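Structure record follows, encoded as structure tokens.
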Amino acid sequence: MSEQEKINLSDKITENIQVAQRKLFERKAKLGESVVIADENGQPVTIKAEDFLMRDCKL
């Protein structure tokens, strides 16, 4: 496998993980559930999935 093929595969895996996370958070938001994320210091924070989706557009 060439270096470029490895990079392409890594990019595809990363993209698919982001899609799966988005779907998970959307499902949790519909159910009124919360998610646990890390703050800027790496500490766990629990927030409603709906609130997280509204504030985080990059997911």
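Simple scheme: letters A, B, ... for chains in structure tokens order, numbers from 1 for residues in each chain, numbers from 1 for ligands in the order shown.
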
task = Would you mind writing down, as a PyMOL selection string, each residue of chain A that DSSP on the backbone assigns to helix (DSSP H, G or I)?
result = chain A and resi 3-30+49-55

message = Give me, as a PyMOL selection string, the residues of stretch 23-59 of chain A that a backbone DSSP run labels strand (DSSP E or B).
response = chain A and resi 34-38+44-48

Saved selection, atoms kept: C-alpha atoms, as a PDB file, in the first residue's frame:
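part.pdb, written as the output of this step:
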ATOM      1  CA  SER A  34     -27.062  13.447  27.571  1.00  0.00           C
ATOM      2  CA  VAL A  35     -23.530  12.921  26.286  1.00  0.00           C
ATOM      3  CA  VAL A  36     -20.197  13.038  28.082  1.00  0.00           C
ATOM      4  CA  ILE A  37     -17.509  15.152  26.449  1.00  0.00           C
ATOM      5  CA  ALA A  38     -14.142  16.499  27.560  1.00  0.00           C
ATOM      6  CA  PRO A  44     -15.448  15.037  31.627  1.00  0.00           C
ATOM      7  CA  VAL A  45     -18.565  17.177  31.265  1.00  0.00           C
ATOM      8  CA  THR A  46     -22.130  15.899  30.863  1.00  0.00           C
ATOM      9  CA  ILE A  47     -24.472  17.967  28.687  1.00  0.00           C
ATOM     10  CA  LYS A  48     -27.703  17.361  26.818  1.00  0.00           C
TER      11      LYS A  48
END

request  = Counting only C-alpha atoms, figure out which residue out of A:Thr14, A:Ala49, A:Gln4, A:Gly42 gets nearest to A:Lys30.
outcome  =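 Under the stated criterion, the closest residue is A:Ala49.
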
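Of the residues under consideration (A:Glu40, A:Glu33, A:Phe25, A:Asn16), A:Phe25 shows the shortest atom-to-atom contact distance to A:Leu53 when counting only C-alpha atoms.
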
message = Just to confirm, what's the straight-line distance from atom CA of A:Glu5 to atom CA of A:Lys23 in Å (one decimal)?
response = 27.1 Å

query = Which value, in Å to one decimal, gives the distance between atom CA of A:Arg22 and atom CA of A:Glu50?
reply = 11.3 Å

Gap from atom CA of A:Ile17 to atom CA of A:Ala29 - Å, one decimal =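 These two atoms are separated by 18.2 Å.
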